[in-house]
file model-v3.cif (mmCIF, C-alpha atoms)
data_work
loop_
_atom_site.label_atom_id
_atom_site.label_comp_id
_atom_site.auth_asym_id
_atom_site.auth_seq_id
_atom_site.Cartn_x
_atom_site.Cartn_y
_atom_site.Cartn_z
CA LYS P 1 -13.04 -78.66 -51.21
CA TRP P 2 -14.98 -79.49 -54.34
CA ASP P 3 -17.52 -76.73 -53.56
CA VAL P 4 -14.74 -74.18 -53.06
CA GLU P 5 -13.07 -75.12 -56.33
CA ARG P 6 -16.39 -74.81 -58.13
CA LEU P 7 -17.18 -71.44 -56.57
CA MET P 8 -13.77 -69.85 -57.20
CA PRO P 9 -14.27 -69.22 -60.96
CA ARG P 10 -17.70 -67.74 -60.24
CA MET P 11 -16.28 -65.43 -57.56
CA LYS P 12 -13.46 -64.34 -59.85
CA GLY P 13 -15.99 -63.62 -62.59
CA GLN P 14 -18.08 -61.50 -60.23
CA ILE P 15 -15.00 -59.54 -59.15
CA MET P 16 -13.99 -58.95 -62.77
CA ARG P 17 -17.50 -57.77 -63.68
CA GLY P 18 -17.53 -55.50 -60.64
CA ASN P 19 -14.18 -53.97 -61.57
CA LEU P 20 -15.28 -53.53 -65.18
CA ALA P 21 -18.47 -51.77 -64.07
CA CYS P 22 -16.43 -49.53 -61.76
CA TYR P 23 -14.02 -48.54 -64.53
CA MET P 24 -16.91 -47.85 -66.91
CA LEU P 25 -18.38 -45.53 -64.29
CA MET P 26 -14.98 -43.85 -64.00
CA LEU P 27 -15.03 -43.16 -67.73
CA GLY P 28 -18.53 -41.70 -67.47
CA VAL P 29 -17.71 -39.46 -64.52
CA ALA P 30 -14.49 -38.28 -66.20
CA PHE P 31 -16.48 -37.33 -69.30
CA VAL P 32 -19.11 -35.43 -67.29
CA VAL P 33 -16.46 -33.47 -65.38
CA THR P 34 -14.55 -32.70 -68.58
CA ILE P 35 -17.72 -31.27 -70.15
CA GLY P 36 -18.33 -29.35 -66.95
CA GLY P 37 -15.02 -27.60 -67.54
CA PHE P 38 -16.38 -26.13 -70.77
CA ARG P 39 -19.39 -24.74 -68.96
CA ALA P 40 -17.29 -23.05 -66.29
CA THR P 41 -14.78 -21.08 -68.34
CA SER P 42 -12.87 -18.78 -66.02
CA GLY P 43 -12.42 -15.22 -67.25
CA ASP P 44 -11.50 -14.16 -70.77
CA GLU P 45 -10.18 -17.06 -72.84
CA ARG P 46 -7.87 -14.64 -74.64
CA GLN P 47 -6.14 -13.98 -71.34
CA THR P 48 -6.30 -17.35 -69.60
CA GLY P 49 -7.33 -19.99 -72.15
CA ILE P 50 -5.44 -22.93 -73.58
CA ALA P 51 -5.11 -21.41 -77.07
CA ALA P 52 -3.46 -18.30 -75.62
CA GLN P 53 -1.24 -20.50 -73.45
CA VAL P 54 -0.19 -22.52 -76.50
CA ASP P 55 0.61 -19.32 -78.39
CA GLY P 56 2.45 -17.89 -75.39
CA THR P 57 0.21 -14.79 -75.32
CA ALA P 58 -1.77 -15.59 -72.15
CA PHE P 59 -1.56 -13.19 -69.25
CA ARG P 60 0.77 -13.85 -66.36
CA PRO P 61 0.66 -15.89 -64.15
CA TYR P 62 -1.52 -18.19 -66.30
CA VAL P 63 1.08 -18.40 -69.06
CA TYR P 64 3.55 -19.95 -66.61
CA ARG P 65 1.41 -23.14 -66.33
CA GLN P 66 2.95 -24.79 -69.37
CA LEU P 67 2.55 -28.57 -69.07
CA ILE P 68 -0.73 -28.90 -70.97
CA PRO P 69 0.17 -26.23 -73.55
CA CYS P 70 3.46 -28.04 -74.24
CA LEU P 71 1.67 -31.37 -74.66
CA VAL P 72 -0.82 -29.74 -77.03
CA LYS P 73 2.01 -28.21 -79.07
CA VAL P 74 3.74 -31.60 -79.31
CA LEU P 75 0.52 -33.21 -80.54
CA MET P 76 -0.04 -30.43 -83.06
CA ALA P 77 3.58 -30.33 -84.27
CA PRO P 78 3.22 -32.84 -87.18
CA LEU P 79 0.95 -30.42 -89.10
CA PRO P 80 1.15 -26.64 -89.71
CA ARG P 81 -1.33 -24.47 -87.80
CA GLU P 82 -3.01 -23.53 -91.09
CA THR P 83 -3.74 -27.20 -91.78
CA TRP P 84 -5.28 -27.61 -88.34
CA ALA P 85 -7.43 -24.52 -89.06
CA ARG P 86 -8.67 -26.09 -92.31
CA ILE P 87 -9.45 -29.33 -90.49
CA SER P 88 -11.32 -27.33 -87.85
CA LYS P 89 -13.36 -25.56 -90.52
CA LYS P 90 -14.37 -28.90 -92.01
CA ILE P 91 -15.43 -30.09 -88.56
CA PHE P 92 -17.55 -26.97 -88.09
CA ASP P 93 -19.04 -27.26 -91.57
CA SER P 94 -19.95 -30.90 -90.96
CA GLY P 95 -22.12 -29.88 -88.03
CA ALA P 96 -20.12 -32.03 -85.58
CA VAL P 97 -19.63 -29.16 -83.13
CA THR P 98 -23.33 -28.29 -83.22
CA ARG P 99 -24.28 -31.92 -82.61
CA PHE P 100 -21.78 -32.16 -79.74
CA GLU P 101 -23.21 -29.05 -78.09
CA TYR P 102 -26.76 -30.37 -78.55
CA ALA P 103 -25.90 -33.80 -77.13
CA THR P 104 -24.06 -32.38 -74.10
CA ALA P 105 -26.22 -29.25 -73.59
CA CYS P 106 -22.94 -27.38 -73.60
CA HIS P 107 -22.44 -24.21 -75.60
CA TYR P 108 -18.80 -23.16 -75.40
CA GLU P 109 -18.48 -19.56 -76.57
CA TRP P 110 -14.78 -19.83 -77.44
CA TRP P 111 -15.07 -22.37 -80.27
CA ASN P 112 -13.59 -21.13 -83.55
CA THR P 113 -11.38 -22.53 -86.31
CA ASP P 114 -8.20 -21.29 -84.59
CA ASN P 115 -9.05 -22.57 -81.12
CA LEU P 116 -10.94 -25.79 -81.78
CA VAL P 117 -7.93 -28.13 -81.97
CA PRO P 118 -6.02 -26.75 -78.92
CA ILE P 119 -9.22 -26.75 -76.87
CA GLY P 120 -10.14 -30.26 -78.04
CA LEU P 121 -6.70 -31.72 -77.36
CA SER P 122 -6.60 -30.06 -73.94
CA ALA P 123 -9.99 -31.60 -73.16
CA ILE P 124 -8.75 -35.07 -74.16
CA ILE P 125 -5.69 -34.66 -71.90
CA THR P 126 -7.99 -33.51 -69.09
CA PHE P 127 -10.25 -36.52 -69.62
CA LEU P 128 -7.27 -38.90 -69.37
CA CYS P 129 -6.02 -37.10 -66.24
CA LEU P 130 -9.43 -37.47 -64.61
CA ILE P 131 -9.37 -41.20 -65.28
CA GLY P 132 -5.84 -41.35 -63.85
CA TYR P 133 -7.02 -39.32 -60.86
CA GLN P 134 -9.74 -41.84 -60.01
CA VAL P 135 -7.40 -44.80 -60.46
CA THR P 136 -4.86 -43.06 -58.21
CA ILE P 137 -7.47 -42.41 -55.50
CA ARG P 138 -8.51 -46.06 -55.62
CA ALA P 139 -4.87 -47.22 -55.36
CA LEU P 140 -4.26 -44.82 -52.46
CA ILE P 141 -7.30 -46.13 -50.59
CA GLN P 142 -6.26 -49.75 -51.15
CA HIS P 143 -2.71 -48.99 -49.98
CA GLU P 144 -3.70 -47.06 -46.88
CA LEU P 145 -7.01 -48.53 -45.72
CA VAL P 146 -8.74 -51.79 -44.90
CA ALA P 147 -12.26 -50.99 -46.03
CA PRO P 148 -15.30 -52.52 -47.72
CA GLY P 149 -14.94 -52.82 -51.48
CA ILE P 150 -17.77 -50.35 -52.03
CA PHE P 151 -15.75 -47.64 -50.24
CA GLY P 152 -12.86 -48.03 -52.67
CA ALA P 153 -15.32 -48.05 -55.58
CA VAL P 154 -17.51 -45.08 -54.62
CA VAL P 155 -15.02 -42.61 -53.14
CA PRO P 156 -12.95 -42.16 -56.36
CA LEU P 157 -16.16 -41.51 -58.30
CA ALA P 158 -17.42 -39.06 -55.69
CA LEU P 159 -14.12 -37.18 -55.47
CA CYS P 160 -13.92 -36.86 -59.24
CA TYR P 161 -17.53 -35.72 -59.60
CA GLY P 162 -16.98 -33.36 -56.67
CA LEU P 163 -14.45 -31.47 -58.78
CA LEU P 164 -17.44 -29.83 -60.44
CA PHE P 165 -17.91 -27.88 -57.21
CA LEU P 166 -14.57 -26.24 -57.90
CA ASN P 167 -16.07 -24.80 -61.10
CA ARG P 168 -17.76 -22.15 -58.96
CA GLY P 169 -14.85 -19.87 -59.85
CA GLY P 170 -14.29 -21.33 -63.31
CA THR P 171 -11.80 -23.93 -64.42
CA LEU P 172 -8.62 -23.69 -66.46
CA SER P 173 -6.57 -26.16 -68.48
CA TYR P 174 -4.16 -26.97 -65.65
CA ASP P 175 -6.67 -27.49 -62.82
CA TYR P 176 -7.72 -31.11 -63.27
CA PRO P 177 -4.25 -32.32 -64.33
CA GLN P 178 -2.98 -30.63 -61.16
CA VAL P 179 -5.21 -32.62 -58.80
CA PHE P 180 -4.16 -35.83 -60.60
CA LEU P 181 -0.42 -35.11 -60.38
CA PHE P 182 -0.53 -33.91 -56.77
CA THR P 183 -2.50 -36.98 -55.66
CA LEU P 184 -0.18 -39.26 -57.63
CA GLY P 185 2.78 -37.63 -55.87
CA ILE P 186 1.21 -38.46 -52.50
CA LEU P 187 0.64 -42.08 -53.55
CA LEU P 188 4.26 -42.44 -54.71
CA LEU P 189 5.52 -41.07 -51.39
CA ALA P 190 3.26 -43.52 -49.57
CA LYS P 191 4.78 -46.35 -51.61
CA ASP P 192 8.33 -45.02 -51.16
CA LYS P 193 8.94 -44.70 -54.91
CA LEU P 194 11.14 -41.60 -54.92
CA PRO P 195 12.45 -41.74 -58.54
CA LEU P 196 8.88 -41.75 -59.87
CA PHE P 197 7.92 -39.13 -57.30
CA TYR P 198 10.59 -36.78 -58.67
CA LEU P 199 9.24 -37.24 -62.19
CA VAL P 200 5.71 -36.39 -61.05
CA TYR P 201 7.06 -33.48 -58.99
CA ILE P 202 8.76 -32.00 -62.07
CA LEU P 203 5.68 -32.46 -64.25
CA GLY P 204 3.56 -30.93 -61.50
CA LEU P 205 5.79 -27.87 -61.26
CA ILE P 206 5.59 -27.33 -65.01
CA ASN P 207 1.83 -27.60 -64.70
CA LYS P 208 1.47 -25.30 -61.68
CA GLU P 209 3.94 -23.85 -59.22
CA THR P 210 1.94 -24.95 -56.15
CA SER P 211 3.29 -28.47 -56.76
CA VAL P 212 6.27 -27.27 -54.72
CA LEU P 213 4.08 -28.05 -51.70
CA LEU P 214 4.76 -31.73 -52.37
CA ALA P 215 8.14 -30.95 -50.82
CA ILE P 216 6.30 -30.29 -47.56
CA VAL P 217 4.57 -33.67 -47.80
CA PHE P 218 7.96 -35.28 -48.42
CA ALA P 219 9.50 -33.40 -45.49
CA LEU P 220 6.80 -34.65 -43.12
CA ALA P 221 6.65 -38.19 -44.51
CA TYR P 222 10.41 -38.78 -44.42
CA LEU P 223 11.25 -36.92 -41.23
CA GLY P 224 13.44 -39.29 -39.22
CA GLN P 225 13.32 -41.92 -41.99
CA LEU P 226 16.55 -40.86 -43.72
CA GLY P 227 19.93 -39.70 -42.50
CA THR P 228 20.10 -35.95 -41.93
CA ARG P 229 22.45 -35.35 -44.87
CA LYS P 230 20.34 -37.38 -47.31
CA TYR P 231 17.12 -35.83 -46.02
CA MET P 232 18.42 -32.27 -46.47
CA ALA P 233 19.86 -33.16 -49.89
CA HIS P 234 16.41 -34.22 -51.10
CA LEU P 235 14.82 -31.02 -49.81
CA ALA P 236 17.56 -28.93 -51.41
CA ALA P 237 17.11 -30.79 -54.70
CA MET P 238 13.39 -30.07 -54.67
CA GLY P 239 14.07 -26.40 -54.03
CA VAL P 240 16.60 -26.22 -56.88
CA ILE P 241 14.21 -28.00 -59.27
CA PHE P 242 11.49 -25.50 -58.35
CA LEU P 243 13.78 -22.55 -59.16
CA LEU P 244 15.07 -24.14 -62.38
CA ILE P 245 11.50 -24.38 -63.64
CA LYS P 246 9.96 -21.21 -62.24
CA LEU P 247 12.69 -18.66 -63.00
CA PRO P 248 13.12 -19.51 -66.72
CA LEU P 249 9.34 -19.37 -67.23
CA GLN P 250 9.22 -15.96 -65.58
CA HIS P 251 12.07 -14.78 -67.81
CA ILE P 252 10.57 -16.16 -71.04
CA TYR P 253 7.21 -14.53 -70.45
CA ALA P 254 8.41 -11.38 -68.68
CA GLY P 255 6.91 -9.21 -71.44
CA ASN P 256 3.41 -10.67 -71.20
CA PRO P 257 0.61 -8.58 -69.69
CA GLY P 258 -0.39 -9.29 -66.12
CA HIS P 259 1.65 -9.83 -62.99
CA ILE P 260 3.90 -12.54 -61.54
CA VAL P 261 1.22 -13.01 -58.86
CA ASP P 262 -2.23 -11.49 -58.42
CA ARG P 263 -3.14 -9.61 -55.27
CA HIS P 264 -6.76 -9.41 -54.19
CA VAL P 265 -6.52 -9.00 -50.42
CA LEU P 266 -7.88 -5.45 -50.34
CA ASP P 267 -9.99 -5.37 -53.50
CA HIS P 268 -11.90 -8.62 -52.84
CA ASN P 269 -10.88 -11.06 -50.11
CA ILE P 270 -11.42 -8.95 -47.00
CA SER P 271 -14.78 -7.66 -48.22
CA PHE P 272 -15.84 -11.22 -49.10
CA LEU P 273 -15.00 -12.56 -45.63
CA LEU P 274 -16.80 -9.64 -43.97
CA ASP P 275 -19.98 -10.25 -45.96
CA PRO P 276 -21.86 -13.01 -44.10
CA LYS P 277 -24.28 -13.59 -47.00
CA SER P 278 -21.56 -14.40 -49.54
CA ALA P 279 -19.09 -16.08 -47.20
CA SER P 280 -21.36 -18.18 -44.96
CA GLU P 281 -21.98 -21.04 -47.41
CA LEU P 282 -18.33 -21.53 -48.32
CA ILE P 283 -17.00 -21.13 -44.78
CA SER P 284 -19.64 -23.45 -43.30
CA LEU P 285 -18.88 -26.16 -45.84
CA THR P 286 -15.14 -25.79 -45.25
CA LEU P 287 -15.57 -26.10 -41.49
CA LEU P 288 -17.78 -29.17 -41.94
CA ILE P 289 -15.17 -30.90 -44.10
CA ILE P 290 -12.40 -29.99 -41.65
CA GLY P 291 -14.48 -31.34 -38.76
CA LEU P 292 -15.06 -34.65 -40.55
CA ALA P 293 -11.42 -34.84 -41.64
CA VAL P 294 -9.97 -34.38 -38.13
CA ARG P 295 -12.41 -36.75 -36.38
CA ASN P 296 -10.45 -39.70 -34.95
CA TRP P 297 -7.39 -37.98 -36.39
CA SER P 298 -4.73 -40.23 -34.87
CA LEU P 299 -6.38 -43.38 -36.26
CA LYS P 300 -6.36 -42.22 -39.88
CA PRO P 301 -3.62 -42.90 -42.45
CA LEU P 302 -0.45 -41.01 -41.64
CA ILE P 303 0.37 -39.97 -45.22
CA LEU P 304 -3.08 -38.40 -45.65
CA ARG P 305 -2.71 -36.50 -42.40
CA GLN P 306 0.69 -35.26 -43.49
CA ALA P 307 -0.53 -34.30 -46.96
CA SER P 308 -3.52 -32.41 -45.54
CA PHE P 309 -1.10 -30.01 -43.86
CA VAL P 310 -0.64 -28.23 -47.20
CA PHE P 311 -4.17 -26.83 -46.74
CA TRP P 312 -2.78 -24.08 -44.52
CA PRO P 313 -0.06 -22.70 -46.83
CA LEU P 314 -2.52 -23.02 -49.74
CA LEU P 315 -5.13 -21.07 -47.81
CA ILE P 316 -2.62 -18.33 -46.96
CA LEU P 317 -1.39 -18.14 -50.57
CA THR P 318 -4.97 -17.96 -51.84
CA PHE P 319 -5.81 -15.17 -49.42
CA LEU P 320 -2.70 -13.18 -50.37
CA PHE P 321 -2.49 -13.86 -54.10
CA GLY P 322 -5.85 -15.22 -55.27
CA TRP P 323 -9.59 -15.01 -54.83
CA ILE P 324 -10.50 -16.53 -51.46
CA ASP P 325 -13.83 -17.81 -52.85
CA GLU P 326 -12.19 -19.35 -55.94
CA VAL P 327 -11.98 -22.79 -54.35
CA ARG P 328 -10.12 -24.33 -57.30
CA ASP P 329 -7.02 -22.64 -55.85
CA LEU P 330 -7.17 -25.28 -53.10
CA ILE P 331 -7.35 -28.16 -55.57
CA ASP P 332 -4.01 -29.65 -54.46
CA VAL P 333 -5.41 -30.59 -51.06
CA PHE P 334 -8.83 -31.63 -52.37
CA SER P 335 -8.10 -35.37 -52.47
CA CYS P 336 -6.52 -36.06 -49.08
CA GLY P 337 -8.94 -33.77 -47.24
CA LEU P 338 -12.02 -35.42 -48.71
CA ILE P 339 -10.69 -38.96 -48.26
CA LEU P 340 -10.18 -38.16 -44.57
CA ALA P 341 -13.73 -36.80 -44.41
CA ALA P 342 -15.09 -39.82 -46.31
CA ILE P 343 -13.53 -42.17 -43.74
CA SER P 344 -15.52 -40.44 -40.99
CA ILE P 345 -18.73 -40.60 -43.03
CA GLY P 346 -18.18 -44.29 -43.73
CA GLN P 347 -17.44 -45.11 -40.10
CA ASP P 348 -19.92 -42.90 -38.24
CA ILE P 349 -22.87 -42.60 -40.61
CA LEU P 350 -22.77 -45.80 -42.66
CA GLY P 351 -21.27 -48.00 -39.94
CA TRP P 352 -18.54 -49.46 -42.13
CA ASN P 353 -15.45 -51.03 -40.64
CA ILE P 354 -12.65 -48.84 -42.01
CA THR P 355 -9.19 -48.98 -40.47
CA ALA P 356 -5.82 -47.51 -41.46
CA ARG P 357 -3.01 -49.81 -42.50
CA HIS P 358 -0.43 -47.16 -41.56
CA PRO P 359 -1.84 -44.92 -38.79
CA ALA P 360 1.64 -44.05 -37.49
#
call {"tool": "encode", "arguments": {"input": "model-v3.cif", "output": "structure tokens"}}
result
Amino acid sequence: KWDVERLMPRMKGQIMRGNLACYMLMLGVAFVVTIGGFRATSGDERQTGIAAQVDGTAFRPYVYRQLIPCLVKVLMAPLPRETWARISKKIFDSGAVTRFEYATACHYEWWNTDNLVPIGLSAIITFLCLIGYQVTIRALIQHELVAPGIFGAVVPLALCYGLLFLNRGGTLSYDYPQVFLFTLGILLLAKDKLPLFYLVYILGLINKETSVLLAIVFALAYLGQLGTRKYMAHLAAMGVIFLLIKLPLQHIYAGNPGHIVDRHVLDHNISFLLDPKSASELISLTLLIIGLAVRNWSLKPLILRQASFVFWPLLILTFLFGWIDEVRDLIDVFSCGLILAAISIGQDILGWNITARHPA
């Protein structure tokens, strides 16, 4: 008994140091991925960038993704835009931007006195979302799995760093906040915290309309768990919320250039899939992840299996209205799919004892 009492403080200290080291690594990975977003600008910033979104001049459908632009406008509201421009000029004149680019090996071609503050604030929000994303992944793993501590420590880092792969087609201001909010929505459903889930669902819809697919996760997770009337009322409420957010945004920005949705089936997607040289790498990797994800399917956490179903509507929507090789369009399903794959890697390759707390 005396030995146990003497060892307990030491064990607690080791756990605290381990957690502190893990969170420090989370900060580092979040910073690296945030910088990676600068290097992977998608398209013309004047059409798709955060400054144009803040001003309301971005092309459709990018201008509809208003969560981050609204947060940036709120943060900038205390001072006139001219004052922010003067502050930006002083920052440029001080050499801070040059030193930042030198230190990070990142030259971002869209820096200027008008865009610096919106871009900088958006990057800070992204950085915080990436930290929240890793914390959410860790909480989801702890809630759904019995696994070695290293699994819960490494997988959030790997999944966050893996977001850099999605930069193959560029990254936009709403991408990384989207993966955080969608994953958080899954965690809240797993914990049966519906009021908070609705809040995240609303924020997600303002950020990107594909958050409506959380309604599918809800429908699968709560099938048979609620009375029919209450179950249908929730689904109807989610549909109404989706329309109350989407339709006003379409009306407000109806005069912007661009289209409500893009269509690239004939001008890109079919030719990409028929070209084995360009498609083989992406398709092979996708099939590998799917194979790992579905291995021992029935023994894996139920909520992750249910959430992974949104891969199919996302894939169809991307084929019809996006670029099939722009993998960031599948970012909503990124977390649950890779956690399912990571379980197989941990069990079959590393020999770890990983079991689901809620397999059914």
call {"tool": "residues_around", "arguments": {"input": "model-v3.cif", "residues": "P:Ala356", "least_positions_apart": "2", "cutoff": "7 Å", "atoms": "all atoms listed in the file", "output": "list in words"}}
result
Glu144, Leu145, Val146, Leu299, Lys300, Pro301, Ile354, His358 and Pro359 of chain P
call {"tool": "closest_residue", "arguments": {"input": "model-v3.cif", "among": "P:Ile316, P:Ile50, P:Ala236, P:Ala221", "to": "P:Asn115", "atoms": "all atoms listed in the file"}}
result
P:Ile50
call {"tool": "closest_residue", "arguments": {"input": "model-v3.cif", "among": "P:Gly28, P:Gly239, P:Gly49, P:Pro78", "to": "P:Gln134", "atoms": "all atoms listed in the file"}}
result
P:Gly28
call {"tool": "residues_near_point", "arguments": {"input": "model-v3.cif", "point": "(-18.4, -30.3, -81.0)", "cutoff": "12 Å", "atoms": "only C-alpha atoms", "output": "PyMOL selection string"}}
result
chain P and resi 35+38+88-113+116-117+119-120+123
call {"tool": "resolve_selection", "arguments": {"input": "model-v3.cif", "expression": "the PyMOL selection byres ((chain P and resi 269) around 10)", "output": "PyMOL selection string"}}
result
chain P and resi 263-268+270-274+318-325
call {"tool": "closest_residue", "arguments": {"input": "model-v3.cif", "among": "P:Ser335, P:Met238, P:Glu326, P:Asp348", "to": "P:Leu292", "atoms": "all atoms listed in the file"}}
result
P:Asp348
call {"tool": "residues_around", "arguments": {"input": "model-v3.cif", "residues": "P:Leu304", "least_positions_apart": "5", "cutoff": "12 Å", "atoms": "all atoms listed in the file", "output": "count of residues only"}}
result
39
call {"tool": "atom_distance", "arguments": {"input": "model-v3.cif", "atom1": "atom CA of P:Tyr222", "atom2": "atom CA of P:Pro177"}}
result
25.6 Å
call {"tool": "closest_residue", "arguments": {"input": "model-v3.cif", "among": "P:Pro257, P:Ile206, P:Ser211, P:Asn353", "to": "P:Pro313", "atoms": "all atoms listed in the file"}}
result
P:Ser211
call {"tool": "atom_distance", "arguments": {"input": "model-v3.cif", "atom1": "atom CA of P:Ser173", "atom2": "atom CA of P:Leu130"}}
result
12.3 Å
call {"tool": "decode", "arguments": {"input": "model-v3.cif", "residues": "stretch 268-281 of chain P", "atoms": "N, CA and C atoms", "output": "short mmCIF file (atom, residue, chain, number, x, y, z; two decimals), in the first residue's frame"}}
result
data_model
loop_
_atom_site.label_atom_id
_atom_site.label_comp_id
_atom_site.auth_asym_id
_atom_site.auth_seq_id
_atom_site.Cartn_x
_atom_site.Cartn_y
_atom_site.Cartn_z
N HIS P 268 -14.37 17.74 -67.37
CA HIS P 268 -13.19 17.31 -66.61
C HIS P 268 -13.31 15.89 -66.05
N ASN P 269 -14.39 15.61 -65.32
CA ASN P 269 -14.44 14.40 -64.50
C ASN P 269 -14.37 13.11 -65.30
N ILE P 270 -15.13 13.02 -66.39
CA ILE P 270 -15.12 11.79 -67.18
C ILE P 270 -13.74 11.57 -67.80
N SER P 271 -13.17 12.63 -68.36
CA SER P 271 -11.85 12.50 -68.97
C SER P 271 -10.79 12.13 -67.93
N PHE P 272 -10.92 12.65 -66.71
CA PHE P 272 -9.97 12.31 -65.65
C PHE P 272 -10.06 10.82 -65.31
N LEU P 273 -11.27 10.31 -65.14
CA LEU P 273 -11.44 8.91 -64.77
C LEU P 273 -11.01 7.96 -65.88
N LEU P 274 -11.07 8.42 -67.13
CA LEU P 274 -10.69 7.58 -68.26
C LEU P 274 -9.19 7.63 -68.55
N ASP P 275 -8.49 8.50 -67.87
CA ASP P 275 -7.04 8.63 -68.06
C ASP P 275 -6.34 7.85 -66.95
N PRO P 276 -5.84 6.66 -67.23
CA PRO P 276 -5.25 5.83 -66.16
C PRO P 276 -4.04 6.49 -65.50
N LYS P 277 -3.28 7.29 -66.23
CA LYS P 277 -2.10 7.92 -65.66
C LYS P 277 -2.46 8.92 -64.58
N SER P 278 -3.50 9.73 -64.80
CA SER P 278 -3.87 10.76 -63.83
C SER P 278 -4.75 10.22 -62.71
N ALA P 279 -5.54 9.19 -63.03
CA ALA P 279 -6.52 8.70 -62.05
C ALA P 279 -5.99 7.57 -61.17
N SER P 280 -4.97 6.84 -61.64
CA SER P 280 -4.58 5.61 -60.94
C SER P 280 -4.13 5.87 -59.51
N GLU P 281 -3.34 6.91 -59.27
CA GLU P 281 -2.83 7.18 -57.92
C GLU P 281 -3.97 7.46 -56.95
#
